[in-house]
Structures are given as structure tokens and as C-alpha cells.
$ cat entry18.pdb   # PDB, C-alpha atoms, pLDDT in the B column
ATOM      1  CA  MET O  72     165.298-232.164  21.148  1.00 51.00           C
ATOM      2  CA  LEU O  73     165.893-231.196  24.734  1.00 51.00           C
ATOM      3  CA  LEU O  74     169.549-230.429  24.054  1.00 53.00           C
ATOM      4  CA  SER O  75     168.820-228.176  21.133  1.00 54.00           C
ATOM      5  CA  SER O  76     166.220-226.202  23.028  1.00 55.00           C
ATOM      6  CA  CYS O  77     168.570-225.539  25.940  1.00 55.00           C
ATOM      7  CA  LYS O  78     171.284-224.016  23.819  1.00 57.00           C
ATOM      8  CA  GLN O  79     172.030-220.444  24.454  1.00 59.00           C
ATOM      9  CA  SER O  80     170.744-218.303  21.697  1.00 58.00           C
ATOM     10  CA  GLN O  81     173.196-216.414  19.597  1.00 62.00           C
ATOM     11  CA  LYS O  82     173.278-212.697  19.974  1.00 66.00           C
ATOM     12  CA  TYR O  83     172.178-210.829  16.953  1.00 58.00           C
ATOM     13  CA  ASN O  84     173.760-207.536  16.113  1.00 65.00           C
ATOM     14  CA  SER O  85     171.062-205.135  15.225  1.00 58.00           C
ATOM     15  CA  PRO O  86     172.051-202.514  12.704  1.00 60.00           C
ATOM     16  CA  LYS O  87     172.483-198.996  13.929  1.00 58.00           C
ATOM     17  CA  PRO O  88     169.310-196.984  13.554  1.00 54.00           C
ATOM     18  CA  LEU O  89     169.141-194.968  10.393  1.00 61.00           C
ATOM     19  CA  ASN O  90     168.961-191.235  10.929  1.00 78.00           C
ATOM     20  CA  VAL O  91     166.007-190.583   8.656  1.00 81.00           C
ATOM     21  CA  ASN O  92     166.053-186.827   9.138  1.00 85.00           C
ATOM     22  CA  GLN O  93     169.699-186.561   8.127  1.00 88.00           C
ATOM     23  CA  THR O  94     169.102-188.749   5.076  1.00 89.00           C
ATOM     24  CA  LEU O  95     166.109-186.645   4.132  1.00 89.00           C
ATOM     25  CA  GLN O  96     168.079-183.430   4.580  1.00 91.00           C
ATOM     26  CA  ASP O  97     170.994-184.755   2.506  1.00 92.00           C
ATOM     27  CA  LEU O  98     168.655-185.708  -0.327  1.00 91.00           C
ATOM     28  CA  TYR O  99     166.890-182.347  -0.131  1.00 92.00           C
ATOM     29  CA  LEU O 100     170.177-180.398  -0.180  1.00 94.00           C
ATOM     30  CA  GLN O 101     171.473-182.483  -3.085  1.00 94.00           C
ATOM     31  CA  ASP O 102     168.360-181.698  -5.131  1.00 93.00           C
ATOM     32  CA  LEU O 103     168.599-178.011  -4.156  1.00 95.00           C
ATOM     33  CA  LYS O 104     172.207-177.922  -5.330  1.00 96.00           C
ATOM     34  CA  GLU O 105     171.308-179.634  -8.600  1.00 95.00           C
ATOM     35  CA  CYS O 106     168.445-177.218  -9.199  1.00 95.00           C
ATOM     36  CA  LYS O 107     170.703-174.237  -8.504  1.00 96.00           C
ATOM     37  CA  GLN O 108     173.325-175.562 -10.949  1.00 96.00           C
ATOM     38  CA  TYR O 109     170.785-175.816 -13.756  1.00 96.00           C
ATOM     39  CA  VAL O 110     169.381-172.372 -13.003  1.00 95.00           C
ATOM     40  CA  LEU O 111     172.906-170.928 -13.074  1.00 95.00           C
ATOM     41  CA  GLN O 112     173.388-172.558 -16.479  1.00 95.00           C
ATOM     42  CA  LEU O 113     170.306-170.634 -17.618  1.00 93.00           C
ATOM     43  CA  SER O 114     171.966-167.372 -16.635  1.00 90.00           C
ATOM     44  CA  SER O 115     175.059-168.103 -18.683  1.00 91.00           C
ATOM     45  CA  THR O 116     173.605-169.215 -22.020  1.00 92.00           C
ATOM     46  CA  SER O 117     171.704-167.515 -24.813  1.00 91.00           C
ATOM     47  CA  ASP O 118     171.010-170.486 -27.056  1.00 92.00           C
ATOM     48  CA  HIS O 119     167.280-171.251 -27.263  1.00 91.00           C
ATOM     49  CA  ASP O 120     167.678-175.044 -27.195  1.00 92.00           C
ATOM     50  CA  SER O 121     170.076-174.870 -24.235  1.00 93.00           C
ATOM     51  CA  LEU O 122     167.704-172.580 -22.369  1.00 93.00           C
ATOM     52  CA  GLU O 123     164.848-175.038 -22.873  1.00 92.00           C
ATOM     53  CA  HIS O 124     167.016-177.972 -21.787  1.00 94.00           C
ATOM     54  CA  TYR O 125     168.348-176.284 -18.640  1.00 95.00           C
ATOM     55  CA  TYR O 126     164.918-174.969 -17.723  1.00 92.00           C
ATOM     56  CA  SER O 127     163.377-178.450 -17.972  1.00 91.00           C
ATOM     57  CA  ALA O 128     166.188-179.939 -15.878  1.00 93.00           C
ATOM     58  CA  ALA O 129     165.913-177.155 -13.276  1.00 93.00           C
ATOM     59  CA  ARG O 130     162.137-177.516 -13.160  1.00 91.00           C
ATOM     60  CA  ASN O 131     162.406-181.274 -12.601  1.00 90.00           C
ATOM     61  CA  SER O 132     164.878-180.702  -9.755  1.00 92.00           C
ATOM     62  CA  PHE O 133     162.579-178.072  -8.272  1.00 92.00           C
ATOM     63  CA  LYS O 134     159.657-180.478  -8.424  1.00 89.00           C
ATOM     64  CA  ARG O 135     161.699-183.038  -6.470  1.00 91.00           C
ATOM     65  CA  ILE O 136     162.214-180.542  -3.629  1.00 92.00           C
ATOM     66  CA  GLU O 137     158.678-179.154  -3.817  1.00 90.00           C
ATOM     67  CA  PRO O 138     157.082-181.359  -1.115  1.00 91.00           C
ATOM     68  CA  LEU O 139     159.664-180.472   1.510  1.00 92.00           C
ATOM     69  CA  LEU O 140     160.135-176.866   0.443  1.00 93.00           C
ATOM     70  CA  SER O 141     156.435-176.067   0.543  1.00 91.00           C
ATOM     71  CA  PHE O 142     156.209-177.577   4.016  1.00 93.00           C
ATOM     72  CA  GLN O 143     159.498-176.254   5.382  1.00 91.00           C
ATOM     73  CA  ASP O 144     159.438-172.726   3.970  1.00 91.00           C
ATOM     74  CA  ARG O 145     156.110-171.621   2.535  1.00 92.00           C
ATOM     75  CA  ASN O 146     157.249-168.076   1.657  1.00 92.00           C
ATOM     76  CA  ASN O 147     160.213-169.191  -0.425  1.00 92.00           C
ATOM     77  CA  TYR O 148     158.104-171.841  -2.104  1.00 91.00           C
ATOM     78  CA  ASN O 149     155.492-169.235  -3.023  1.00 89.00           C
ATOM     79  CA  PHE O 150     158.241-166.962  -4.343  1.00 90.00           C
ATOM     80  CA  LEU O 151     159.809-169.679  -6.496  1.00 91.00           C
ATOM     81  CA  ASN O 152     156.516-171.039  -7.817  1.00 87.00           C
ATOM     82  CA  ALA O 153     154.606-167.766  -8.243  1.00 81.00           C
ATOM     83  CA  THR O 154     152.467-166.974 -11.245  1.00 79.00           C
ATOM     84  CA  ASN O 155     153.708-164.416 -13.744  1.00 75.00           C
ATOM     85  CA  ILE O 156     151.367-161.687 -12.494  1.00 75.00           C
ATOM     86  CA  LEU O 157     152.387-158.384 -10.954  1.00 73.00           C
ATOM     87  CA  ASN O 158     151.878-158.262  -7.198  1.00 76.00           C
ATOM     88  CA  VAL O 159     150.392-155.016  -5.921  1.00 77.00           C
ATOM     89  CA  GLU O 160     150.452-154.277  -2.203  1.00 80.00           C
ATOM     90  CA  GLU O 161     148.691-151.189  -0.959  1.00 81.00           C
ATOM     91  CA  GLU O 162     149.011-150.193   2.660  1.00 79.00           C
ATOM     92  CA  ASP O 163     147.519-146.760   2.146  1.00 77.00           C
ATOM     93  CA  LEU O 164     146.923-144.442  -0.786  1.00 75.00           C
ATOM     94  CA  THR O 165     150.492-143.128  -0.711  1.00 78.00           C
ATOM     95  CA  ASP O 166     152.305-146.429  -0.191  1.00 79.00           C
ATOM     96  CA  ILE O 167     151.702-148.703  -3.166  1.00 80.00           C
ATOM     97  CA  LYS O 168     154.277-151.415  -3.877  1.00 80.00           C
ATOM     98  CA  ILE O 169     154.358-153.232  -7.197  1.00 78.00           C
ATOM     99  CA  THR O 170     156.637-156.258  -7.436  1.00 77.00           C
ATOM    100  CA  GLU O 171     157.359-158.371 -10.462  1.00 83.00           C
ATOM    101  CA  PRO O 172     157.539-162.123  -9.963  1.00 83.00           C
ATOM    102  CA  HIS O 173     160.809-163.968 -10.490  1.00 85.00           C
ATOM    103  CA  SER O 174     159.759-167.594 -10.449  1.00 89.00           C
ATOM    104  CA  PHE O 175     159.882-170.782 -12.472  1.00 90.00           C
ATOM    105  CA  GLN O 176     156.571-169.903 -14.106  1.00 88.00           C
ATOM    106  CA  THR O 177     158.049-166.547 -15.124  1.00 89.00           C
ATOM    107  CA  LEU O 178     161.065-168.312 -16.628  1.00 91.00           C
ATOM    108  CA  GLU O 179     158.802-170.711 -18.478  1.00 89.00           C
ATOM    109  CA  GLU O 180     156.910-167.854 -20.100  1.00 89.00           C
ATOM    110  CA  LEU O 181     160.170-166.076 -20.987  1.00 90.00           C
ATOM    111  CA  ILE O 182     161.913-169.132 -22.465  1.00 91.00           C
ATOM    112  CA  PHE O 183     159.102-170.886 -24.328  1.00 89.00           C
ATOM    113  CA  THR O 184     158.170-167.998 -26.571  1.00 87.00           C
ATOM    114  CA  ASP O 185     158.980-166.922 -30.111  1.00 85.00           C
ATOM    115  CA  GLN O 186     161.029-163.884 -29.093  1.00 88.00           C
ATOM    116  CA  LEU O 187     163.515-164.415 -26.300  1.00 89.00           C
ATOM    117  CA  ASP O 188     164.255-161.688 -23.794  1.00 91.00           C
ATOM    118  CA  ILE O 189     167.697-162.933 -22.776  1.00 93.00           C
ATOM    119  CA  LYS O 190     168.290-160.114 -20.300  1.00 94.00           C
ATOM    120  CA  SER O 191     165.079-160.891 -18.376  1.00 92.00           C
ATOM    121  CA  ILE O 192     165.867-164.611 -18.434  1.00 93.00           C
ATOM    122  CA  HIS O 193     169.322-163.997 -16.972  1.00 95.00           C
ATOM    123  CA  ILE O 194     168.009-161.616 -14.300  1.00 94.00           C
ATOM    124  CA  THR O 195     165.243-163.998 -13.245  1.00 93.00           C
ATOM    125  CA  SER O 196     167.515-167.035 -13.199  1.00 95.00           C
ATOM    126  CA  ASN O 197     170.102-165.191 -11.070  1.00 95.00           C
ATOM    127  CA  ILE O 198     167.421-164.206  -8.570  1.00 94.00           C
ATOM    128  CA  ILE O 199     166.139-167.789  -8.412  1.00 95.00           C
ATOM    129  CA  ALA O 200     169.686-169.130  -7.993  1.00 96.00           C
ATOM    130  CA  SER O 201     170.384-166.753  -5.122  1.00 95.00           C
ATOM    131  CA  ARG O 202     167.131-167.795  -3.441  1.00 94.00           C
ATOM    132  CA  LEU O 203     168.074-171.470  -3.829  1.00 95.00           C
ATOM    133  CA  GLU O 204     171.511-170.737  -2.351  1.00 95.00           C
ATOM    134  CA  LEU O 205     169.833-169.067   0.620  1.00 94.00           C
ATOM    135  CA  LEU O 206     167.657-172.125   1.112  1.00 94.00           C
ATOM    136  CA  SER O 207     170.594-174.517   1.006  1.00 93.00           C
ATOM    137  CA  LYS O 208     172.429-172.544   3.692  1.00 94.00           C
ATOM    138  CA  ASN O 209     169.411-172.314   6.000  1.00 91.00           C
ATOM    139  CA  THR O 210     167.951-175.796   6.023  1.00 89.00           C
ATOM    140  CA  ASP O 211     167.532-177.896   9.129  1.00 90.00           C
ATOM    141  CA  LEU O 212     165.208-180.875   9.112  1.00 89.00           C
ATOM    142  CA  SER O 213     166.453-182.411  12.359  1.00 88.00           C
ATOM    143  CA  HIS O 214     163.261-181.560  14.252  1.00 90.00           C
ATOM    144  CA  TYR O 215     160.940-183.514  11.945  1.00 90.00           C
ATOM    145  CA  GLN O 216     158.856-186.279  13.452  1.00 91.00           C
ATOM    146  CA  PRO O 217     157.152-189.148  11.589  1.00 89.00           C
ATOM    147  CA  TYR O 218     153.840-187.292  11.585  1.00 91.00           C
ATOM    148  CA  HIS O 219     155.522-184.386   9.746  1.00 92.00           C
ATOM    149  CA  ILE O 220     156.353-186.774   6.921  1.00 89.00           C
ATOM    150  CA  LEU O 221     152.712-187.814   6.725  1.00 91.00           C
ATOM    151  CA  TRP O 222     151.680-184.157   6.541  1.00 93.00           C
ATOM    152  CA  ILE O 223     154.184-183.551   3.741  1.00 91.00           C
ATOM    153  CA  VAL O 224     152.862-186.502   1.752  1.00 89.00           C
ATOM    154  CA  ARG O 225     149.256-185.416   2.294  1.00 91.00           C
ATOM    155  CA  LYS O 226     149.965-181.838   1.194  1.00 90.00           C
ATOM    156  CA  GLN O 227     151.769-183.059  -1.920  1.00 86.00           C
ATOM    157  CA  ILE O 228     148.852-185.253  -2.892  1.00 86.00           C
ATOM    158  CA  VAL O 229     146.475-182.305  -2.515  1.00 87.00           C
ATOM    159  CA  ARG O 230     148.874-180.005  -4.420  1.00 83.00           C
ATOM    160  CA  THR O 231     149.153-182.479  -7.281  1.00 80.00           C
ATOM    161  CA  ALA O 232     145.381-182.887  -7.407  1.00 80.00           C
ATOM    162  CA  THR O 233     144.730-179.141  -7.456  1.00 81.00           C
ATOM    163  CA  THR O 234     147.593-177.547  -9.370  1.00 75.00           C
ATOM    164  CA  GLY O 235     148.772-180.558 -11.336  1.00 70.00           C
ATOM    165  CA  VAL O 236     145.458-181.601 -12.808  1.00 70.00           C
ATOM    166  CA  THR O 237     144.431-178.029 -13.637  1.00 72.00           C
ATOM    167  CA  GLY O 238     147.744-177.141 -15.293  1.00 71.00           C
ATOM    168  CA  PHE O 239     148.248-174.162 -12.996  1.00 71.00           C
ATOM    169  CA  ASP O 240     151.950-174.888 -12.389  1.00 71.00           C
ATOM    170  CA  SER O 241     152.921-174.946 -16.037  1.00 72.00           C
ATOM    171  CA  PRO O 242     150.956-172.357 -18.015  1.00 72.00           C
ATOM    172  CA  VAL O 243     152.901-172.523 -21.290  1.00 74.00           C
ATOM    173  CA  LEU O 244     154.181-176.096 -21.499  1.00 70.00           C
ATOM    174  CA  GLU O 245     151.133-177.540 -19.777  1.00 68.00           C
ATOM    175  CA  SER O 246     153.340-180.193 -18.203  1.00 67.00           C
ATOM    176  CA  SER O 247     151.931-180.085 -14.684  1.00 67.00           C
ATOM    177  CA  LEU O 248     150.920-183.740 -14.690  1.00 63.00           C
ATOM    178  CA  GLN O 249     154.335-184.787 -15.956  1.00 69.00           C
ATOM    179  CA  ASP O 250     155.936-182.578 -13.300  1.00 68.00           C
ATOM    180  CA  ALA O 251     153.948-184.439 -10.649  1.00 68.00           C
ATOM    181  CA  VAL O 252     156.023-187.520 -11.409  1.00 67.00           C
ATOM    182  CA  PHE O 253     159.135-185.643 -10.267  1.00 67.00           C
ATOM    183  CA  ALA O 254     157.450-184.265  -7.155  1.00 68.00           C
ATOM    184  CA  ARG O 255     158.313-187.317  -5.171  1.00 58.00           C
ATOM    185  CA  ALA O 256     156.669-187.367  -1.845  1.00 46.00           C
ATOM    186  CA  ILE O 257     159.383-188.502   0.541  1.00 51.00           C
ATOM    187  CA  THR O 258     160.651-191.759  -0.859  1.00 47.00           C
TER     188      THR O 258
END

$ encode --input "entry18.pdb" --output "C-alpha cells"
Amino acid sequence: MLLSSCKQSQKYNSPKPLNVNQTLQDLYLQDLKECKQYVLQLSSTSDHDSLEHYYSAARNSFKRIEPLLSFQDRNNYNFLNATNILNVEEEDLTDIKITEPHSFQTLEELIFTDQLDIKSIHITSNIIASRLELLSKNTDLSHYQPYHILWIVRKQIVRTATTGVTGFDSPVLESSLQDAVFARAIT
């Protein structure tokens, strides 16, 4: 017993620390790229079934990036997930700006209808794709700390409870609760 306790202990090689931020950024950029690919498919097809399929796939990809996107870039998230309501900004009586939304909710209302407006679908999907391309070129998550991840998870839980349960995110399909499954909160 004395001899075995006096042995020198073997050195254990500890694995190199995992760069969590880089892994998170790679996953985020992969989902952004996938979402952009599906949205670009929307802009190149006119078949109703294909439009529905590509929209659902793009929406699922968008929901996967939602937790990070809403935390990282609130303005782009609000642009991509805006309701299909005209936005009126009035600075004074002579300067009134009216902007139409170009978001996933707008696409949903354009695609899941009896009469398709292919031109509007293609315009909206091209605008969304260009916004997603902009996001993929301007993403840096290297400064995130562990507490940022907790904030992201907390905000996603609140977002799912408020917009998912009420159906706000999916006005036509009413699939907000199903979308919440894809909105993975940093796995």
C-alpha cells in the first residue's frame, strides 16, 4: 500500500479549451446562410407548393437564429420580423414617411393566400435575402461573455411566452408555438 501511494501520478492531458464564441458564431452564420438560401429560392419560383415549402424552411431557419439576432441586432430583427402594417413616421407636417414592411410575416400573408402576387413575393424575398447577407458579413460574437448567453436565453423564453403563445409571429398559419421549437436558445 505504501508503494502504490508513493508512485508519481501520471500527467493528464487536458483538452484544449473550446472557443464557445467561435462555435456559436459558426452555428449562427450557418443558419443565416441556410435561411438566405431558402429565401433566394422563394425569389426564383412561382409554383405555389414550392413557395410554401421554401417559406416554411426559411422561417424555420430564421427561428433558429432569432435568439441571437434579436439580442445582437435589434433593428434588423425588427425589420425581418415586422408585422404587415404600414409604418408612418411624421417628423413635421411636411415630412411624412410611409414605409411598407418587407418581413417574414409579410411573406407569409403573400404566400398563404388564394391569389398569389408573385411580383411582391419576389421583391420582398430579395429584400430579406439582402438583409440576411448584410447580417452574415457583419457578425462578430467574440465579445460575448457567459452572462450574455443567459440574457439571450431569458429573452427568448419571454419572447416565446409573449409572441408564441398569442400567435403574433404567425398571423396566417398560426404556427407560432411550432416555430418556438425551432427557436433554440443557445444549445

$ resolve_selection --input "entry18.pdb" --expression "the PyMOL selection byres ((chain O and resi 182) around 8)" --output "PyMOL selection string"
chain O and resi 119+122-123+178-181+183-184+187-188+192

$ resolve_selection --input "entry18.pdb" --expression "the PyMOL selection byres ((chain O and resi 110-115) around 6)" --output "mmCIF file with C-alpha atoms, keeping the file's coordinate frame"
data_model
loop_
_atom_site.group_PDB
_atom_site.id
_atom_site.type_symbol
_atom_site.label_atom_id
_atom_site.label_comp_id
_atom_site.auth_asym_id
_atom_site.auth_seq_id
_atom_site.Cartn_x
_atom_site.Cartn_y
_atom_site.Cartn_z
ATOM 1 C CA LYS O 107 170.703 -174.237 -8.504
ATOM 2 C CA GLN O 108 173.325 -175.562 -10.949
ATOM 3 C CA TYR O 109 170.785 -175.816 -13.756
ATOM 4 C CA THR O 116 173.605 -169.215 -22.020
ATOM 5 C CA LEU O 122 167.704 -172.580 -22.369
ATOM 6 C CA ALA O 129 165.913 -177.155 -13.276
ATOM 7 C CA HIS O 193 169.322 -163.997 -16.972
ATOM 8 C CA SER O 196 167.515 -167.035 -13.199
ATOM 9 C CA ALA O 200 169.686 -169.130 -7.993
#

$ residues_near_point --input "entry18.pdb" --point "(157.1, -185.6, 6.9)" --cutoff "12 Å" --atoms "only C-alpha atoms" --output "list of chain:residue names"
O:Val91, O:Asn92, O:Leu95, O:Gln96, O:Pro138, O:Leu139, O:Leu140, O:Ser141, O:Phe142, O:Gln143, O:Leu212, O:Ser213, O:His214, O:Tyr215, O:Gln216, O:Pro217, O:Tyr218, O:His219, O:Ile220, O:Leu221, O:Trp222, O:Ile223, O:Val224, O:Arg225, O:Lys226, O:Gln227, O:Ala256, O:Ile257, O:Thr258

$ residues_around --input "entry18.pdb" --residues "region 242-244 of chain O" --least-positions-apart "2" --cutoff "12 Å" --atoms "only C-alpha atoms" --output "PyMOL selection string"
chain O and resi 123+126-127+130+152-155+175-184+234-240+246-250

$ axis_aligned_box --input "entry18.pdb" --around "region 207-220 of chain O" --padding-each-side "3 Å" --output "AutoDock Vina command-line options"
--center_x 163.1 --center_y -180.7 --center_z 7.6 --size_x 24.6 --size_y 22.8 --size_z 19.2

$ closest_residue --input "entry18.pdb" --among "O:Leu151, O:Ile136, O:Ser201, O:His173" --to "Asp97 (chain O)" --atoms "all atoms listed in the file"
O:Ile136

$ atom_distance --input "entry18.pdb" --atom1 "CA of Lys104 (chain O)" --atom2 "CA of Glu171 (chain O)"
25.1 Å

$ atom_distance --input "entry18.pdb" --atom1 "CA of Gln186 (chain O)" --atom2 "CA of Leu103 (chain O)"
29.6 Å

$ atom_distance --input "entry18.pdb" --atom1 "CA of Ser241 (chain O)" --atom2 "CA of Phe133 (chain O)"
12.8 Å

$ residues_near_point --input "entry18.pdb" --point "(174.4, -179.9, -0.2)" --cutoff "12 Å" --atoms "all atoms listed in the file" --output "MDAnalysis selection string"
chainID O and resid 93:108 203:211

$ write_last_selection --input "entry18.pdb" --atoms "C-alpha atoms" --output "tab-separated table (two decimals), in the coordinates of the input"
chain	number	residue	atom	x	y	z
O	93	GLN	CA	169.70	-186.56	8.13
O	94	THR	CA	169.10	-188.75	5.08
O	95	LEU	CA	166.11	-186.64	4.13
O	96	GLN	CA	168.08	-183.43	4.58
O	97	ASP	CA	170.99	-184.76	2.51
O	98	LEU	CA	168.66	-185.71	-0.33
O	99	TYR	CA	166.89	-182.35	-0.13
O	100	LEU	CA	170.18	-180.40	-0.18
O	101	GLN	CA	171.47	-182.48	-3.08
O	102	ASP	CA	168.36	-181.70	-5.13
O	103	LEU	CA	168.60	-178.01	-4.16
O	104	LYS	CA	172.21	-177.92	-5.33
O	105	GLU	CA	171.31	-179.63	-8.60
O	106	CYS	CA	168.44	-177.22	-9.20
O	107	LYS	CA	170.70	-174.24	-8.50
O	108	GLN	CA	173.32	-175.56	-10.95
O	203	LEU	CA	168.07	-171.47	-3.83
O	204	GLU	CA	171.51	-170.74	-2.35
O	205	LEU	CA	169.83	-169.07	0.62
O	206	LEU	CA	167.66	-172.12	1.11
O	207	SER	CA	170.59	-174.52	1.01
O	208	LYS	CA	172.43	-172.54	3.69
O	209	ASN	CA	169.41	-172.31	6.00
O	210	THR	CA	167.95	-175.80	6.02
O	211	ASP	CA	167.53	-177.90	9.13
